[in-house]
$ cat target.txt   # compact mmCIF, C-alpha atoms
# COMPACT_ATOMS: atom_id res chain seq x y z
CA MET A 13 -9.86 17.67 -3.65
CA PRO A 14 -13.25 15.93 -3.46
CA GLU A 15 -15.58 17.24 -0.80
CA ASN A 16 -16.05 15.29 2.39
CA ASN A 17 -18.19 12.22 1.84
CA ALA A 18 -19.46 9.40 3.99
CA ASN A 19 -17.53 6.87 1.94
CA ALA A 20 -14.14 8.51 2.56
CA LEU A 21 -11.75 6.37 4.59
CA ILE A 22 -8.61 8.50 4.23
CA GLU A 23 -8.54 12.20 3.35
CA ILE A 24 -5.11 13.72 2.76
CA ARG A 25 -5.23 17.49 3.13
CA HIS A 26 -2.38 19.89 2.25
CA LEU A 27 0.19 17.28 3.23
CA GLY A 28 3.83 18.36 3.16
CA LYS A 29 7.11 16.68 4.06
CA ILE A 30 10.54 18.33 4.26
CA PHE A 31 13.85 16.57 4.96
CA GLY A 32 16.36 19.28 5.92
CA ASP A 33 16.33 21.70 2.98
CA HIS A 34 14.71 19.22 0.63
CA VAL A 35 10.96 19.56 0.03
CA VAL A 36 9.76 16.02 -0.77
CA LEU A 37 5.98 16.52 -0.67
CA LYS A 38 4.15 19.77 -1.40
CA ASP A 39 0.46 20.40 -0.65
CA ILE A 40 -0.77 16.85 -1.36
CA ASP A 41 -4.57 16.53 -1.50
CA PHE A 42 -6.57 13.43 -2.33
CA THR A 43 -9.18 11.07 -0.90
CA VAL A 44 -9.27 7.29 -0.60
CA ASN A 45 -12.80 5.92 -0.48
CA ARG A 46 -13.74 2.61 1.10
CA GLY A 47 -13.31 -0.19 -1.41
CA ASP A 48 -11.15 1.92 -3.73
CA VAL A 49 -7.91 0.74 -5.27
CA THR A 50 -5.81 3.90 -5.54
CA CYS A 51 -2.64 3.53 -7.60
CA ILE A 52 0.06 6.18 -7.21
CA ILE A 53 2.36 6.41 -10.22
CA GLY A 54 5.30 8.61 -11.16
CA ALA A 55 9.02 8.56 -11.79
CA SER A 56 11.53 7.53 -9.12
CA GLY A 57 12.13 10.40 -6.72
CA SER A 58 8.70 11.95 -7.19
CA GLY A 59 7.73 11.39 -3.53
CA LYS A 60 5.46 8.36 -3.90
CA SER A 61 7.08 6.16 -1.26
CA THR A 62 7.48 9.06 1.16
CA LEU A 63 3.76 9.76 0.78
CA LEU A 64 2.97 6.14 1.60
CA ARG A 65 5.28 6.22 4.63
CA CYS A 66 3.48 9.35 5.84
CA LEU A 67 0.13 7.58 5.39
CA ASN A 68 1.32 4.84 7.73
CA LEU A 69 3.02 7.34 10.08
CA PHE A 70 6.45 5.79 9.51
CA GLU A 71 7.29 9.39 8.62
CA THR A 72 5.70 12.32 10.41
CA PRO A 73 4.34 14.88 7.95
CA THR A 74 5.83 18.36 8.24
CA SER A 75 2.45 19.94 7.54
CA GLY A 76 -1.12 19.05 6.68
CA GLU A 77 -3.60 16.46 7.85
CA ILE A 78 -4.36 12.78 7.36
CA ILE A 79 -8.00 12.26 8.23
CA PHE A 80 -8.59 8.56 8.85
CA ASP A 81 -12.19 7.56 9.50
CA GLY A 82 -12.94 11.13 10.57
CA VAL A 83 -9.92 11.64 12.86
CA ASN A 84 -6.75 13.63 12.09
CA VAL A 85 -4.20 10.95 12.92
CA VAL A 86 -1.22 13.28 12.52
CA GLU A 87 -2.30 15.05 15.70
CA THR A 88 -4.15 12.42 17.66
CA ALA A 89 -3.18 8.90 16.70
CA LYS A 90 -0.92 6.58 18.58
CA PRO A 91 1.00 5.13 15.62
CA ASN A 92 0.89 1.54 16.86
CA GLU A 93 -2.87 1.71 17.39
CA TYR A 94 -3.35 3.32 14.00
CA ARG A 95 -1.28 0.64 12.26
CA LYS A 96 -3.63 -2.03 13.53
CA ARG A 97 -6.05 -0.63 10.97
CA VAL A 98 -3.60 0.43 8.25
CA GLY A 99 -1.42 -2.42 7.01
CA MET A 100 1.65 -2.15 4.80
CA VAL A 101 3.42 -4.41 2.34
CA PHE A 102 7.02 -3.41 1.63
CA GLN A 103 9.08 -3.86 -1.52
CA SER A 104 11.74 -5.77 0.44
CA PHE A 105 9.22 -8.15 2.15
CA ASN A 106 10.52 -7.49 5.71
CA LEU A 107 9.71 -11.02 6.86
CA PHE A 108 11.16 -12.24 10.15
CA LYS A 109 14.02 -14.47 9.01
CA ASN A 110 14.14 -16.48 12.25
CA MET A 111 10.46 -17.49 12.00
CA ASN A 112 8.71 -19.88 9.68
CA VAL A 113 5.89 -18.75 7.40
CA LEU A 114 3.12 -19.56 9.87
CA LYS A 115 4.82 -17.78 12.78
CA ASN A 116 5.43 -14.73 10.56
CA CYS A 117 1.67 -14.53 10.05
CA THR A 118 0.58 -15.21 13.64
CA VAL A 119 3.00 -13.07 15.63
CA GLY A 120 1.14 -9.80 14.88
CA PRO A 121 -2.37 -11.06 15.65
CA VAL A 122 -1.14 -12.62 18.91
CA LYS A 123 1.11 -9.83 20.17
CA VAL A 124 -0.71 -6.78 18.80
CA LEU A 125 -4.35 -7.85 18.48
CA LYS A 126 -4.16 -10.22 21.49
CA LEU A 127 -5.78 -13.14 19.66
CA ASN A 128 -5.25 -16.53 21.23
CA LYS A 129 -2.90 -18.90 19.43
CA GLU A 130 -5.65 -21.04 17.90
CA GLU A 131 -7.52 -18.02 16.51
CA ALA A 132 -4.30 -16.57 15.12
CA ILE A 133 -3.38 -19.83 13.39
CA GLU A 134 -6.86 -20.18 11.90
CA ARG A 135 -6.70 -16.62 10.58
CA ALA A 136 -3.15 -17.01 9.25
CA LEU A 137 -4.04 -20.21 7.40
CA LYS A 138 -7.07 -18.51 5.87
CA TYR A 139 -4.92 -15.79 4.32
CA LEU A 140 -1.98 -18.04 3.44
CA ASN A 141 -4.45 -20.19 1.55
CA MET A 142 -5.84 -17.09 -0.14
CA VAL A 143 -2.39 -16.18 -1.52
CA GLY A 144 -1.49 -19.76 -2.40
CA MET A 145 1.12 -20.27 0.32
CA ALA A 146 -0.63 -22.59 2.81
CA GLU A 147 1.60 -25.54 1.93
CA TYR A 148 4.70 -23.57 2.96
CA VAL A 149 3.74 -22.96 6.61
CA ASP A 150 6.90 -24.64 7.92
CA ALA A 151 9.32 -22.97 5.48
CA ARG A 152 11.71 -20.21 6.52
CA PRO A 153 11.95 -17.08 4.35
CA SER A 154 15.40 -18.17 3.14
CA GLN A 155 13.78 -21.20 1.51
CA LEU A 156 11.31 -19.14 -0.54
CA SER A 157 11.53 -17.32 -3.85
CA GLY A 158 11.00 -13.58 -3.96
CA GLY A 159 7.46 -13.99 -5.23
CA GLN A 160 6.66 -16.45 -2.47
CA LYS A 161 8.12 -14.14 0.17
CA GLN A 162 5.97 -11.27 -1.08
CA ARG A 163 2.85 -13.43 -1.05
CA VAL A 164 3.62 -14.38 2.57
CA ALA A 165 4.15 -10.70 3.36
CA ILE A 166 0.71 -9.95 1.91
CA ALA A 167 -0.85 -12.77 3.96
CA ARG A 168 0.90 -11.44 7.08
CA ALA A 169 -0.57 -7.98 6.49
CA LEU A 170 -4.03 -9.43 5.79
CA ALA A 171 -3.91 -11.48 9.00
CA MET A 172 -4.19 -8.19 10.91
CA GLU A 173 -7.45 -7.60 8.99
CA PRO A 174 -6.73 -3.90 8.41
CA ASP A 175 -9.22 -1.40 7.01
CA VAL A 176 -6.77 -0.46 4.27
CA LEU A 177 -3.61 -2.04 2.89
CA LEU A 178 -0.72 0.05 1.59
CA PHE A 179 1.68 -1.42 -0.98
CA ASP A 180 5.06 0.21 -1.60
CA GLU A 181 6.35 -0.97 -5.01
CA PRO A 182 5.48 -4.58 -4.10
CA THR A 183 7.00 -6.06 -7.27
CA SER A 184 10.12 -3.93 -7.67
CA ALA A 185 12.44 -6.38 -5.88
CA LEU A 186 11.17 -9.39 -7.82
CA ASP A 187 12.58 -11.20 -10.80
CA PRO A 188 10.38 -10.52 -13.85
CA GLU A 189 8.94 -14.04 -13.94
CA MET A 190 7.70 -13.67 -10.35
CA VAL A 191 5.91 -10.35 -10.82
CA GLY A 192 2.79 -11.94 -12.27
CA GLU A 193 2.08 -14.19 -9.28
CA VAL A 194 2.11 -11.22 -6.89
CA LEU A 195 0.02 -9.00 -9.19
CA SER A 196 -2.49 -11.85 -9.52
CA VAL A 197 -2.91 -11.99 -5.73
CA MET A 198 -3.30 -8.20 -5.59
CA SER A 199 -5.86 -8.31 -8.39
CA ASP A 200 -7.91 -10.86 -6.44
CA LEU A 201 -7.71 -8.66 -3.33
CA ALA A 202 -8.91 -5.66 -5.32
CA LYS A 203 -11.90 -7.63 -6.60
CA SER A 204 -12.71 -8.70 -3.04
CA GLY A 205 -13.41 -5.07 -2.09
CA LEU A 206 -10.32 -4.47 0.06
CA THR A 207 -9.32 -0.81 0.21
CA MET A 208 -5.81 -0.54 -1.24
CA VAL A 209 -3.29 2.22 -1.90
CA VAL A 210 -0.57 0.99 -4.25
CA VAL A 211 2.64 2.75 -5.24
CA THR A 212 3.59 0.97 -8.44
CA HIS A 213 5.50 1.15 -11.69
CA GLU A 214 3.33 -1.60 -13.18
CA MET A 215 1.29 0.54 -15.55
CA SER A 216 -0.89 -2.28 -16.87
CA PHE A 217 -1.88 -3.20 -13.31
CA ALA A 218 -2.74 0.42 -12.50
CA ARG A 219 -4.73 0.78 -15.72
CA ASP A 220 -6.67 -2.47 -15.31
CA ILE A 221 -7.18 -2.76 -11.54
CA ALA A 222 -7.24 0.78 -10.08
CA SER A 223 -10.44 2.66 -9.45
CA HIS A 224 -8.43 5.86 -9.00
CA VAL A 225 -4.98 6.86 -10.30
CA VAL A 226 -2.76 9.60 -8.84
CA PHE A 227 0.20 10.83 -10.93
CA MET A 228 2.99 12.51 -8.96
CA ASN A 229 5.98 14.48 -10.15
CA ASP A 230 8.53 16.41 -8.08
CA GLY A 231 6.56 16.04 -4.86
CA VAL A 232 3.22 17.26 -6.16
CA ILE A 233 0.11 15.63 -7.59
CA VAL A 234 0.07 16.63 -11.26
CA GLU A 235 -3.30 15.05 -11.97
CA GLU A 236 -5.60 12.34 -10.71
CA GLY A 237 -8.70 10.57 -11.91
CA ALA A 238 -10.15 7.32 -13.18
CA PRO A 239 -7.70 5.07 -15.08
CA GLU A 240 -9.23 6.00 -18.42
CA GLU A 241 -8.78 9.70 -17.71
CA ILE A 242 -5.12 9.29 -16.82
CA PHE A 243 -4.02 6.63 -19.28
CA VAL A 244 -6.21 7.45 -22.29
CA HIS A 245 -6.96 11.15 -21.92
CA PRO A 246 -4.22 12.72 -19.76
CA ARG A 247 -4.54 16.51 -19.61
CA GLU A 248 -1.12 17.54 -18.34
CA GLU A 249 2.04 17.54 -20.45
CA ARG A 250 4.08 15.99 -17.62
CA THR A 251 1.63 13.08 -17.44
CA LYS A 252 1.78 12.56 -21.21
CA LYS A 253 5.58 12.51 -21.18
CA PHE A 254 5.75 10.07 -18.28
CA LEU A 255 3.25 7.68 -19.85
CA SER A 256 4.89 7.80 -23.27
CA ARG A 257 8.18 6.87 -21.61
CA MET A 258 6.63 4.06 -19.53
CA LEU A 259 4.29 2.65 -22.17
CA GLY A 260 6.54 3.16 -25.19

$ encode --input "target.txt" --output "structure tokens"
Amino acid sequence: MPENNANALIEIRHLGKIFGDHVVLKDIDFTVNRGDVTCIIGASGSGKSTLLRCLNLFETPTSGEIIFDGVNVVETAKPNEYRKRVGMVFQSFNLFKNMNVLKNCTVGPVKVLKLNKEEAIERALKYLNMVGMAEYVDARPSQLSGGQKQRVAIARALAMEPDVLLFDEPTSALDPEMVGEVLSVMSDLAKSGLTMVVVTHEMSFARDIASHVVFMNDGVIVEEGAPEEIFVHPREERTKKFLSRMLG
């Protein structure tokens, strides 16, 4: 694992997670620097989504540390306070079905961040415009396509103005023709300097947009590095096999 550095936002140290007798994560070590786009790749069942859920404290790690901005949040954080700074976009959108698009994006800033209604609306419109969904403020989730729902979900997460945004397979529930519109938004966010951790099976996105790629297999990190190192010059046989299967 890289040594401590002033630019580190999240340092994962010896992280483990066990469900019953099943070891899902084993001795996970890596660092997310401010402004990095870290893509986590690997086959289904390799522990990627569990790792992301641990990073957001939806799951409590069995062992190890998550150092966020210098503090071990596994021991000290109040999860709700921590999640003000660590946003998450889910594969299944998780929009509030009984609220329109605008209310979906203002409820968090008002209830959690205690913004007044006008500030929350201004902020929500800023991010809905950023993801190309400002004209749908009055629509309910049931009236939107999958790609539109995911773009609203991204705007909702951005409206909290987190320090880092976690994405859990954000395109896996989408029809193929809608994947591009979501990846385009994520690409723009990456270029804006937002710190992102993305679990994805979109190899071209990881290769082109990531600053750091982590390959997982069977609950461990097999190798990590810059996209060129992983995609062009992988060292480990497991990485080579996975990429040959995914890239053809």

$ residues_around --input "target.txt" --residues "Phe42 of chain A" --least-positions-apart "6" --cutoff "9 Å" --atoms "all atoms listed in the file" --output "list in words"
Met13, Pro14, Ile22, Glu23, Ile24, Arg25, His26, Val226, Ile233 and Glu236 of chain A

$ residues_around --input "target.txt" --residues "segment 78-85 of chain A" --least-positions-apart "4" --cutoff "10 Å" --atoms "only C-alpha atoms" --output "compact mmCIF listing (two decimals) with C-alpha atoms, in the frame of the given file"
# COMPACT_ATOMS: atom_id res chain seq x y z
CA ASN A 16 -16.05 15.29 2.39
CA ALA A 18 -19.46 9.40 3.99
CA ASN A 19 -17.53 6.87 1.94
CA ALA A 20 -14.14 8.51 2.56
CA LEU A 21 -11.75 6.37 4.59
CA ILE A 22 -8.61 8.50 4.23
CA GLU A 23 -8.54 12.20 3.35
CA ILE A 24 -5.11 13.72 2.76
CA ARG A 25 -5.23 17.49 3.13
CA HIS A 26 -2.38 19.89 2.25
CA LEU A 27 0.19 17.28 3.23
CA ASP A 41 -4.57 16.53 -1.50
CA PHE A 42 -6.57 13.43 -2.33
CA THR A 43 -9.18 11.07 -0.90
CA VAL A 44 -9.27 7.29 -0.60
CA ARG A 46 -13.74 2.61 1.10
CA CYS A 66 3.48 9.35 5.84
CA LEU A 67 0.13 7.58 5.39
CA ASN A 68 1.32 4.84 7.73
CA LEU A 69 3.02 7.34 10.08
CA PRO A 73 4.34 14.88 7.95
CA ALA A 89 -3.18 8.90 16.70
CA LYS A 90 -0.92 6.58 18.58
CA PRO A 91 1.00 5.13 15.62
CA TYR A 94 -3.35 3.32 14.00
CA ARG A 97 -6.05 -0.63 10.97
CA VAL A 98 -3.60 0.43 8.25
CA ASP A 175 -9.22 -1.40 7.01

$ closest_residue --input "target.txt" --among "A:Gly120, A:Leu64, A:Ala146, A:Ser199" --to "Ile52 of chain A" --atoms "all atoms listed in the file"
A:Leu64

$ residues_around --input "target.txt" --residues "Thr212 of chain A" --least-positions-apart "3" --cutoff "12 Å" --atoms "all atoms listed in the file" --output "MDAnalysis selection string"
chainID A and resid 49:56 60:61 64 102:103 178:185 191 195 198 208:209 215:219 221:222 225:228 258

$ closest_residue --input "target.txt" --among "A:Val164, A:Leu259, A:Met172, A:Arg95" --to "Val119 of chain A" --atoms "all atoms listed in the file"
A:Met172

$ residues_around --input "target.txt" --residues "Asp200 of chain A" --least-positions-apart "6" --cutoff "10 Å" --atoms "only C-alpha atoms" --output "number ranges by chain"
A: 142-143, 206, 221

$ closest_residue --input "target.txt" --among "A:Leu186, A:Ala151, A:Leu140, A:Ala171" --to "Thr118 of chain A" --atoms "all atoms listed in the file"
A:Ala171

$ closest_residue --input "target.txt" --among "A:Val122, A:Ala169, A:Leu177, A:Gly231" --to "Gly28 of chain A" --atoms "only C-alpha atoms"
A:Gly231

$ closest_residue --input "target.txt" --among "A:Leu63, A:Ile40, A:Met145, A:Ile30" --to "Val210 of chain A" --atoms "all atoms listed in the file"
A:Leu63

$ atom_distance --input "target.txt" --atom1 "atom CA of Asp48 of chain A" --atom2 "atom CA of Lys161 of chain A"
25.4 Å

$ build_atoms --input "target.txt" --residues "segment 119-139 of chain A" --atoms "N, CA, C and O atoms" --output "short mmCIF file (atom, residue, chain, number, x, y, z; two decimals), keeping the file's coordinate frame"
data_model
loop_
_atom_site.label_atom_id
_atom_site.label_comp_id
_atom_site.auth_asym_id
_atom_site.auth_seq_id
_atom_site.Cartn_x
_atom_site.Cartn_y
_atom_site.Cartn_z
N VAL A 119 2.38 -13.85 14.56
CA VAL A 119 3.00 -13.07 15.63
C VAL A 119 2.27 -11.73 15.83
O VAL A 119 2.05 -11.30 16.98
N GLY A 120 1.86 -11.07 14.75
CA GLY A 120 1.14 -9.80 14.88
C GLY A 120 -0.22 -9.96 15.53
O GLY A 120 -0.54 -9.27 16.52
N PRO A 121 -1.07 -10.86 15.01
CA PRO A 121 -2.37 -11.06 15.65
C PRO A 121 -2.29 -11.44 17.12
O PRO A 121 -3.13 -11.03 17.92
N VAL A 122 -1.26 -12.23 17.51
CA VAL A 122 -1.14 -12.62 18.91
C VAL A 122 -0.62 -11.48 19.76
O VAL A 122 -1.21 -11.14 20.80
N LYS A 123 0.47 -10.83 19.32
CA LYS A 123 1.11 -9.83 20.17
C LYS A 123 0.41 -8.48 20.12
O LYS A 123 0.36 -7.77 21.13
N VAL A 124 -0.11 -8.12 18.95
CA VAL A 124 -0.71 -6.78 18.80
C VAL A 124 -2.22 -6.81 19.02
O VAL A 124 -2.77 -5.98 19.73
N LEU A 125 -2.89 -7.78 18.38
CA LEU A 125 -4.35 -7.85 18.48
C LEU A 125 -4.82 -8.70 19.65
O LEU A 125 -6.01 -8.72 19.96
N LYS A 126 -3.87 -9.40 20.30
CA LYS A 126 -4.16 -10.22 21.49
C LYS A 126 -5.10 -11.39 21.18
O LYS A 126 -5.89 -11.81 22.05
N LEU A 127 -5.04 -11.91 19.97
CA LEU A 127 -5.78 -13.14 19.66
C LEU A 127 -5.11 -14.31 20.37
O LEU A 127 -3.90 -14.30 20.61
N ASN A 128 -5.91 -15.33 20.70
CA ASN A 128 -5.25 -16.53 21.23
C ASN A 128 -4.59 -17.29 20.09
O ASN A 128 -4.85 -17.03 18.90
N LYS A 129 -3.73 -18.23 20.44
CA LYS A 129 -2.90 -18.90 19.43
C LYS A 129 -3.76 -19.62 18.38
O LYS A 129 -3.47 -19.57 17.18
N GLU A 130 -4.81 -20.28 18.83
CA GLU A 130 -5.65 -21.04 17.90
C GLU A 130 -6.34 -20.11 16.90
O GLU A 130 -6.41 -20.40 15.70
N GLU A 131 -6.88 -18.99 17.40
CA GLU A 131 -7.52 -18.02 16.51
C GLU A 131 -6.52 -17.45 15.51
O GLU A 131 -6.84 -17.28 14.31
N ALA A 132 -5.33 -17.15 15.99
CA ALA A 132 -4.30 -16.57 15.12
C ALA A 132 -3.89 -17.54 14.03
O ALA A 132 -3.72 -17.15 12.86
N ILE A 133 -3.75 -18.82 14.38
CA ILE A 133 -3.38 -19.83 13.39
C ILE A 133 -4.49 -19.99 12.36
O ILE A 133 -4.24 -20.06 11.14
N GLU A 134 -5.72 -20.04 12.82
CA GLU A 134 -6.86 -20.18 11.90
C GLU A 134 -6.90 -19.00 10.91
O GLU A 134 -7.09 -19.18 9.71
N ARG A 135 -6.68 -17.81 11.44
CA ARG A 135 -6.70 -16.62 10.58
C ARG A 135 -5.52 -16.63 9.61
O ARG A 135 -5.67 -16.34 8.44
N ALA A 136 -4.34 -16.99 10.12
CA ALA A 136 -3.15 -17.01 9.25
C ALA A 136 -3.33 -18.01 8.12
O ALA A 136 -3.00 -17.71 6.96
N LEU A 137 -3.84 -19.20 8.43
CA LEU A 137 -4.04 -20.21 7.40
C LEU A 137 -5.06 -19.76 6.36
O LEU A 137 -4.92 -20.06 5.16
N LYS A 138 -6.07 -19.04 6.80
CA LYS A 138 -7.07 -18.51 5.87
C LYS A 138 -6.40 -17.63 4.81
O LYS A 138 -6.64 -17.78 3.60
N TYR A 139 -5.52 -16.74 5.27
CA TYR A 139 -4.92 -15.79 4.32
C TYR A 139 -3.75 -16.41 3.56
O TYR A 139 -3.52 -16.06 2.40
#
